[in-house]
Amino acid sequence: MKQSRIGAWIAIAVGALYFLVPLIGTFEFSLRMRRGVYSFDAYRVVLSDPRFQATFGYSTLLAFATILVGVILVVPTAYWIQLRLPRLRPIVEFITLLPLVIPAIVLVFGYLRIYGSSSFLPMTSNERATDVLLMFSYVTLALPYMYRAVDTGLRAIDVRTLTEAAESLGASWATILFKVIFPNVRVAVLSGAFLTFAIVIGEFTMASLLDRPAFGPYLQLIGANRAYEPSALAIIAFIVTWACMGLLQVFGRGTRALAAPAPGRIK
Amino acid sequence: MAFLEIQSVRKSYGAQHVVQNFDLAIKRGEFVSFLGPSGCGKTTTLRMVAGFETPSAGQIRIDDKDVTNLRPNQRKVGMVFQSYALFPNMTVADNVGFGLKVARKPAAEIRPRVEEMLRLIKLPALGARYPSQLSGGQQQRVALARALAVKPQVLLLDEPLSALDAKIRVSLREEIRSVQRELGITTVYVTHDQEEALSMSDRIVVMNEGRVEQIGTPFEIYNFPRTRFVASFVGTLNIMGGRVVDPAAGRIEVDGQPITASRGVVDAKAGDLRAVALRPEAARLTNGEEAPSDDTNRMRGLIEEVSFLGSVVRVRVRFKDSAISLDTFNTPHVPPPERGQPVTVSFGRADLLVLEGAPAA
Amino acid sequence: MAQQSQVAVRLPLMARIRPEQGFLVWLGVAPFLIFAVMFLILPTGYLLVGAFQDPDGNFTLANIGDLFQPSILSAYWISIEVSAASAIGGAIIGFFLAYAAVLGGLPRWIRPTLMTFSGVASNFAGIPLAFAFLATLGRVGLVTALLIKFFDFNIYSTGFNLLSFWGLALTYLYFQIPLMVLILTPALDGLKREWREAASILGASAWQYWRHVALPVLWPSILGTTLLLFANAFGAIATAYGLTGSSLNIVTILLYAQIRGDVLHNENLGYALALGMILITGLSNAAYIWLSSRARRGLG
């Protein structure tokens with residue numbers, strides 16, 4: 001018993017080291033900009049860089065748009081599947097898993113060919129249209145996470161009974177969807193949203209290939225040309241990821257407490 | 001000669017005393033049940049016998065050998081769990097043979113033993129199935145066979161029937177008992193179901209809040225409960241509020257009507273309030289015309305409720321503050337009593353139990 | 001089961017929508033299906049079809065054949081090696097971490113902490129991750145410098161290079177390990193305490209319990225998750241690109257270069273390259289789904 005506990009501690013220690021050392025290394029490196037002393041110069045330079053502000057703002061905006069469109073697309077679909085078309089469930093679930101199967105770079109390759117400037121629907125011909133295309137690309141990337149979160153949330157509440165109760169009280173479809181269903185899966189939607197944000201904010205491949213001024217390509221550009229700023233950016237990106245996951249934990253805890261049965265007690 | 005001895009065993013988690021001073025000697029081949037509500041310490045005691053928990057104090061001996069600090073895999077006991085706990089990756093036959101396999105017995109020895117066990121539980125054809133393909137009752141029988149295959153010295157069963165349907169529960173408990181008799185194996189059976197404990201056991205240990213309330217045969221436990229807890233936990237019990245009139249003679253007043261308990265009232269003086277108890281089957285309805293006798297009590301009341309339960313009709317009779325339920329047989333030619341009808345209830349003086357302590361308000 | 005739910009569905013459906021309006025039911029999923037066709041099915045289908053066409057649109061297997069030229073084969077091969085190394089390494093280390101947190105008998109706070117950290121680390125990929133490893137194990141990184149300073153040991157003198165196969169695999173481990181932890185923890189929770197107790201009371205040692213019960217039960221989950229990690233690494237590009245630029249010849253970077261500038265000088269060969277990637281990630285994902293459904297059935 002005691003021996004296995006030592007092994008467990010060793011495993012945790014190794015894991016902690018693997019997780020923390022690169023962070024410490026990055027942080028230390030980001031402080032080295034001024035010769036001989038530690039300073040936050042790299043952060044000052046990065047944060048005051050107008051391109052940082054512009055690209056970070058652009059990606060944030062895109063993340064919000066992605067979340068909004070994703071929710072509008074996923075929640076009614078998951079609801080409808082649960083309520084009216086359960087026989088479509090395997091097909092829809094398969095579709096939502098596709099973005100995990102098809103690498104992002106392959107997807108965007110296809111977009112460039114289908115929606116390129118010489119195609120029937122030229123979405124890359126002007127910047128606004130390309131923004132829309134990039135947003136839809138991100139909706140696709142986030143689809144597996146968003147759909148699973150919402151579907152789990154809907155399963156936790158009894159959608160059918162809630163709907164029938166609302167119907168019997170004379171509610172319209174819109175009222176049911178926005179006043180009954182959405183509020184009840186709010187927590188699930190929020191966890192999906194935070195995950196989406198974490199994915200979108202630093203995404204590189206799609207933004208780069210669609211040639212949009214997002215945060216990911218900016219990171220790459222800085223990485224190729226500067227020494228200390230990339231470390232500062234990595235720390236900032238890490239903090240953003242951490243914030244998203246932290247919020248996800250905070251909001252997710254409520255659902256888990258509801259869903260999970262109390263742990264078994266000693267008889 | 002005791003085969004399994006549990007001597008002054010205690011178990012505490014920090015300040016929480018889960019089992020207090022448990023003493024029990026079980027004879028070879030005896031079937032003993034631990035009965036009590038959840039949290040009474042019965043499962044913890046069983047798990048100490050199995051070796052999953054270590055007692056905070058006391059000793060556990062099997063066949064005169066101290067096993068208190070032995071690991072479970074060195075104790076040679078068998079256990080059946082509430083959740084069956086069959087290994088999902090193995091067939092029924094592999095499950096049953098698991099204990100022999102890890103003991104590195106040759107396959108030529110394992111196969112006939114497994115077949116013998118499957119015949120014993122009457123599932124000889126299901127050896128190749130996986131647990132998920134069996135019903136709950138079948139799974140639990142396989143779990144029993146698995147526990148018995150290694151010829152354990154003691155068989156432990158932890159609420160083995162709780163997860164099953166009522167009908168299967170009854171048939172399976174008869175089967176467990178008959179297998180146990182056939183093998184003559186010393187058995188400890190944990191349950192919260194008094195019917196199971198009463199029907200299966202040689203002796204019952206009634207537990208409450210970590211303490212042993214009473215140890216006795218089902219007959220003793222049911223008919224002569226020593227504490228109020230035992231009386232109320234085992235079987236249905238009518239409890240009435242009584243006022244002691246003459247403790248030595250056992251004379252008591254319930255709602256102004258005098259009755260007598262043949263055993264007298266201990267530790268009480270005239271005027272004390274005591275709970276008096278009566279089993280439903282001990283009382284019957286009479287027309288009040290038969291001659292009074294020295295060994296019966298009679299009380300007059302009104303019928304408050306009549307519930308038709310099939311073979312019996314349960315009648316509730318109200319006196320004033322107190323009321324009792326009693327069962328009458330359903331005889332098709334005799335119409336059942338009606339509500340509001342005045343009746344006389346008679347019951348033996350020996351059947352009246354005077355419990356320790358005043359009735360609950 | 002399926003029959004039952006269909007019957008249950010039909011009742012409210014008939015109550016509200018008359019049979020001749022049944023197509024209305026399909027309107028509810030129309031936006032999703034249109035989205036799926038536009039952004040998943042069509043783009044992928046276009047590439048898959050293009051892989052079998054010559055520039056004039058005639059059917060050909062030449063593109064598939066051209067995949068077997070040494071430079072493309074080696075790109076696939078390095079990708080497969082890096083993905084396999086990081087998947088197997090991540091699976092092994094992740095397994096021990098998850099085991100320690102769930103069954104190691106450690107203080108209670110360990111587990112939620114590990115899960116939170118894993119949630120963050122598994123999403124901390126791409127360019128910033130590359131920066132972090134450059135700052136740590138690069139030529140002037142913290143660990144490199146400390147090793148030289150205190151142990152007079154230069155890891156770069158051993159032939160190690162962060163901008164190489166092992167460097168990339170090591171970096172991928174940063175999100176592979178936590179992903180394994182996140183997926184395997186529920187599977188370890190699925191190991192019932194009673195199984196271990198039943199095994200032990202039947203005389204089995206801890207090792208025999210793992211050998212005969214726990215590992216066989218966990219095996220589909222472990223293998224399946226390893227395949228998922230493999231696909232995860234195989235499709236990744238940003239981390240590699242941030243780390244090595246385009247100097248490491250893995251298949252995603254090759255495809256990236258092809259999209260940017262047609263380095264293969266053949267559009268349709270690019271499609272074949274994509275087809276090969278889908279094939280590899282698709283197969284490992286399919287195996288993962290199959291194995292995890294098997295694992296669920298086994299536990300049910």
# chains A, B, ... in the order shown; residues from 1 in each chain; ligands from 1
>>> interface_residues(of="chain C", to="chain B", cutoff="12 Å", atoms="only C-alpha atoms", output="MDAnalysis selection string")
chainID C and resid 190:220 294:300
>>> write_last_selection(atoms="C-alpha atoms", output="mmCIF file, in the first residue's frame")
data_model
loop_
_atom_site.group_PDB
_atom_site.id
_atom_site.type_symbol
_atom_site.label_atom_id
_atom_site.label_comp_id
_atom_site.auth_asym_id
_atom_site.auth_seq_id
_atom_site.Cartn_x
_atom_site.Cartn_y
_atom_site.Cartn_z
ATOM 1 C CA GLY C 190 -15.245 2.597 -14.291
ATOM 2 C CA LEU C 191 -13.099 0.012 -12.549
ATOM 3 C CA LYS C 192 -15.382 -1.012 -9.722
ATOM 4 C CA ARG C 193 -13.876 -1.301 -6.282
ATOM 5 C CA GLU C 194 -15.752 -4.600 -5.896
ATOM 6 C CA TRP C 195 -13.794 -6.140 -8.772
ATOM 7 C CA ARG C 196 -10.553 -5.572 -6.947
ATOM 8 C CA GLU C 197 -12.059 -6.791 -3.699
ATOM 9 C CA ALA C 198 -13.585 -9.851 -5.336
ATOM 10 C CA ALA C 199 -10.264 -10.671 -6.981
ATOM 11 C CA SER C 200 -8.347 -10.210 -3.765
ATOM 12 C CA ILE C 201 -10.705 -12.311 -1.670
ATOM 13 C CA LEU C 202 -10.466 -15.052 -4.293
ATOM 14 C CA GLY C 203 -6.755 -15.099 -3.577
ATOM 15 C CA ALA C 204 -5.415 -12.884 -6.357
ATOM 16 C CA SER C 205 -2.416 -10.642 -5.777
ATOM 17 C CA ALA C 206 -2.514 -7.017 -6.893
ATOM 18 C CA TRP C 207 -0.505 -7.970 -9.970
ATOM 19 C CA GLN C 208 -2.871 -10.847 -10.818
ATOM 20 C CA TYR C 209 -5.830 -8.479 -10.499
ATOM 21 C CA TRP C 210 -4.233 -6.070 -12.982
ATOM 22 C CA ARG C 211 -3.140 -8.833 -15.298
ATOM 23 C CA HIS C 212 -6.451 -10.698 -15.453
ATOM 24 C CA VAL C 213 -9.118 -8.078 -14.721
ATOM 25 C CA ALA C 214 -8.155 -4.399 -14.772
ATOM 26 C CA LEU C 215 -5.935 -4.308 -17.854
ATOM 27 C CA PRO C 216 -8.253 -6.456 -19.998
ATOM 28 C CA VAL C 217 -11.150 -4.178 -19.012
ATOM 29 C CA LEU C 218 -9.138 -1.008 -19.680
ATOM 30 C CA TRP C 219 -7.404 -2.254 -22.785
ATOM 31 C CA PRO C 220 -9.906 -0.965 -25.368
ATOM 32 C CA ARG C 294 -16.567 -1.840 -27.051
ATOM 33 C CA ALA C 295 -15.174 -0.549 -23.777
ATOM 34 C CA ARG C 296 -18.565 0.964 -22.874
ATOM 35 C CA ARG C 297 -20.411 -2.242 -23.688
ATOM 36 C CA GLY C 298 -18.004 -4.253 -21.616
ATOM 37 C CA LEU C 299 -18.531 -2.060 -18.613
ATOM 38 C CA GLY C 300 -22.318 -1.864 -19.014
#
>>> residues_around(residues="Ala8 (chain A)", least_positions_apart="2", cutoff="8 Å", atoms="only C-alpha atoms", output="JSON, numbers by chain")
{"A": [4, 5, 6, 10, 11, 12], "C": [96, 97, 99, 100, 101, 104, 105, 106]}
>>> write_last_selection(atoms="C-alpha atoms", output="mmCIF file, in the first residue's frame")
data_model
loop_
_atom_site.group_PDB
_atom_site.id
_atom_site.type_symbol
_atom_site.label_atom_id
_atom_site.label_comp_id
_atom_site.auth_asym_id
_atom_site.auth_seq_id
_atom_site.Cartn_x
_atom_site.Cartn_y
_atom_site.Cartn_z
ATOM 1 C CA SER A 4 2.184 2.155 -4.425
ATOM 2 C CA ARG A 5 1.590 5.542 -2.877
ATOM 3 C CA ILE A 6 5.229 6.468 -3.380
ATOM 4 C CA ILE A 10 6.472 10.043 -8.321
ATOM 5 C CA ALA A 11 4.058 9.964 -11.262
ATOM 6 C CA ILE A 12 2.386 13.166 -10.096
ATOM 7 C CA PHE C 96 0.372 6.490 -14.860
ATOM 8 C CA LEU C 97 -0.736 10.028 -14.028
ATOM 9 C CA TYR C 99 -3.767 5.974 -12.277
ATOM 10 C CA ALA C 100 -1.964 7.931 -9.570
ATOM 11 C CA ALA C 101 -4.790 10.459 -9.318
ATOM 12 C CA GLY C 104 -3.013 6.039 -6.027
ATOM 13 C CA GLY C 105 -4.494 6.837 -2.631
ATOM 14 C CA LEU C 106 -3.245 10.416 -2.801
#
>>> closest_atom_pairs(of="chain B", to="chain A", cutoff="7 Å", atoms="only C-alpha atoms", output="JSON lines")
{"residue": "B:Ser38", "atom": "CA", "partner": "A:Lys267", "partner_atom": "CA", "distance": 5.8}
{"residue": "B:Gly39", "atom": "CA", "partner": "A:Lys267", "partner_atom": "CA", "distance": 4.4}
{"residue": "B:Cys40", "atom": "CA", "partner": "A:Lys267", "partner_atom": "CA", "distance": 6.9}
{"residue": "B:Gly41", "atom": "CA", "partner": "A:Lys267", "partner_atom": "CA", "distance": 6.1}
{"residue": "B:Thr43", "atom": "CA", "partner": "A:Lys267", "partner_atom": "CA", "distance": 5.7}
{"residue": "B:Thr44", "atom": "CA", "partner": "A:Lys267", "partner_atom": "CA", "distance": 6.4}
>>> atom_distance(atom1="CA of Ala91 (chain C)", atom2="CA of Ile183 (chain C)")
10.3 Å
>>> residues_around(residues="Ser74 (chain C)", least_positions_apart="3", cutoff="9 Å", atoms="only C-alpha atoms", output="JSON, numbers by chain")
{"C": [69, 70, 71, 77, 78, 79, 249, 250, 251]}
>>> write_last_selection(atoms="C-alpha atoms", output="PDB file, in the first residue's frame")
ATOM      1  CA  GLN C  69       7.832   9.374 -54.443  1.00  0.00           C
ATOM      2  CA  PRO C  70      10.578   9.505 -51.785  1.00  0.00           C
ATOM      3  CA  SER C  71      10.064  13.101 -50.619  1.00  0.00           C
ATOM      4  CA  TRP C  77       6.817   8.584 -42.528  1.00  0.00           C
ATOM      5  CA  ILE C  78       8.184  11.336 -40.277  1.00  0.00           C
ATOM      6  CA  SER C  79       4.625  12.423 -39.460  1.00  0.00           C
ATOM      7  CA  ASN C 249       9.420  17.775 -43.509  1.00  0.00           C
ATOM      8  CA  ILE C 250       6.185  16.482 -41.987  1.00  0.00           C
ATOM      9  CA  VAL C 251       3.115  15.958 -44.117  1.00  0.00           C
TER      10      VAL C 251
END
>>> closest_atom_pairs(of="chain C", to="chain A", cutoff="6 Å", atoms="only C-alpha atoms", output="tab-separated table")
residue	atom	partner	partner_atom	distance
C:Val29	CA	A:Thr77	CA	5.5
C:Pro43	CA	A:Gly110	CA	4.1
C:Thr44	CA	A:Gly110	CA	5.9
C:Leu97	CA	A:Ala11	CA	5.5
C:Ala100	CA	A:Ala8	CA	4.4
C:Gly104	CA	A:Ala8	CA	5.2
C:Val120	CA	A:Trp242	CA	5.6
C:Pro128	CA	A:Ala234	CA	4.4
C:Phe131	CA	A:Ser231	CA	5.9
C:Ala132	CA	A:Thr26	CA	5.0
C:Phe133	CA	A:Pro22	CA	6.0
C:Ala135	CA	A:Thr26	CA	5.0
C:Thr136	CA	A:Gly25	CA	4.7
C:Leu142	CA	A:Gly25	CA	5.1
C:Gly235	CA	A:Pro103	CA	4.8
C:Ala274	CA	A:Val106	CA	5.8
C:Ile278	CA	A:Ile102	CA	5.6
C:Thr281	CA	A:Val101	CA	5.7
C:Gly282	CA	A:Val101	CA	5.3
>>> closest_residue(among="C:Ile127, C:Leu243, C:Ala187, C:Ile148", to="Ile201 (chain A)", atoms="only C-alpha atoms")
C:Ile127
>>> atom_distance(atom1="CA of Arg111 (chain C)", atom2="CA of Ser56 (chain B)")
28.5 Å
>>> atom_distance(atom1="CA of Lys151 (chain B)", atom2="CA of Val212 (chain B)")
29.7 Å
>>> closest_residue(among="B:Ala283, B:Val313, B:Ile168, B:Ile324", to="Gly241 (chain B)", atoms="only C-alpha atoms")
B:Ile324
>>> select_by_dssp(residues="region 37-163 of chain C", states="helix (DSSP H, G or I)", output="PyMOL selection string")
chain C and resi 37-50+62-66+70-103+110-123+127-137+142-151+155-158
